[in-house]
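Remarks on the structure that follows.
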Amino acid sequence: MHYKFEGKNALVTGSSKGIGSGVALELAKGGANVTINCSSSVTQAEEVAEQIRRLGRKAIVVACDVSDQKAVEDMVQKTVDAFGSLDLFVSNAVYSDRQLMVEADMAGFRRTIDVSMWGAFFGVRAASQQMLKQGKGGAITVISSPHAIIPIPTAMAYNMSKAAIDHMARTAAIELVKHGIRVNVFHPGWIDTPGERKFFTEEQLQQGAEGLPMGRMGSSEEMAHGVCFTLSDEASYMTGSTLTMDGGVGLPWWSKRTEGKQ
């Protein structure tokens, strides 16, 4: 099943790989034209764009750092120049360093916040401004994380960023609802993406996945279905909400340890 996005034009940040590429491809399968964004993985971004073109849709690649407000605004304009409008926006691009707070390299700490928090804000703001100019509504989904709720150690900057963008999205939702622009949040769990290889070996990923409530990591394709639901007409009465697809990560930590016990 694919949600219907015929006649829609979309921009997905951080879409050269992982969840972002999955979302971009699912949007295209539903009929949307898509702008693929990356910071440096241009070859991978072009591969995603080519897959979209093979589906009969239009696609462009815009390489930019989402922590640069002007670059994000220019990316939105390039999307409009290429497709005629911007109807769907997905904030997905992130950066994360992992260190204990007391030992953290502050350059990496700030970079995490600049990309993961400010980058999300710049994207939501620029997309909203364009949708308001068009005057026909739109849909925005901010991909956040259970990190917004769960204080995972060594990830303070990321935790802070995700908590901030959850509240940012809800605030945007109440400010934009009268204009027919819906804004929602999506919380994926531990997903099998290239980004996880920055922190874990394949053996660690396998062992960690076995300890999850569902006994496995999620896939980008599974997450794409969830994100596309929030953008679709099927979710037309949904704004300021959070859709969670985390494989049970948010369940009590003792849920598996007490399995079979009374």
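Residues are referred to by chain and number: the chain letter is A, B, ... according to the order shown in the structure tokens, the number counts from 1 in that chain, and ligands are numbered separately from 1 in the order shown.
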Write out as a PyMOL selection string each polymer residue whose atoms come within 7 Å of range 28-40 of chain A, counting only C-alpha atoms; drop sequence neighbours fewer than 2 positions from it.
chain A and resi 2-16+24-26+42+45+49+52+55+57-65+79
When DSSP works through the backbone of this structure, what residues of range 11-249 of chain A end up as helix (DSSP H, G or I), shown as a PyMOL selection string?
chain A and resi 18-29+42-54+69-83+101-103+106-134+146-148+156-179+194-198+202-210+220-231+233-235
Neighbour list for Tyr158 in chain A as a PyMOL selection string, cut-off 12 Å, only C-alpha atoms, skip fewer than 3 positions in-chain:
chain A and resi 94-101+108-118+144-155+161-165
May I ask for the distance between CA of Ser67 in chain A and CA of Asp166 in chain A, given in Å to one decimal place?
17.5 Å
A:Leu132, A:Val90, A:Leu251, A:Val185: which is nearest Thr239 in chain A, counting only C-alpha atoms?
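Using only C-alpha atoms, the shortest distance to Thr239 in chain A belongs to A:Val185.
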Need to verify the contact set: Thr242 in chain A, 10 Å, only C-alpha atoms, exclusion of same-chain residues closer than 5 positions in sequence. Can you return it as a VMD selection string?
chain A and resid 141 to 144 166 169 to 170 183 to 187 230
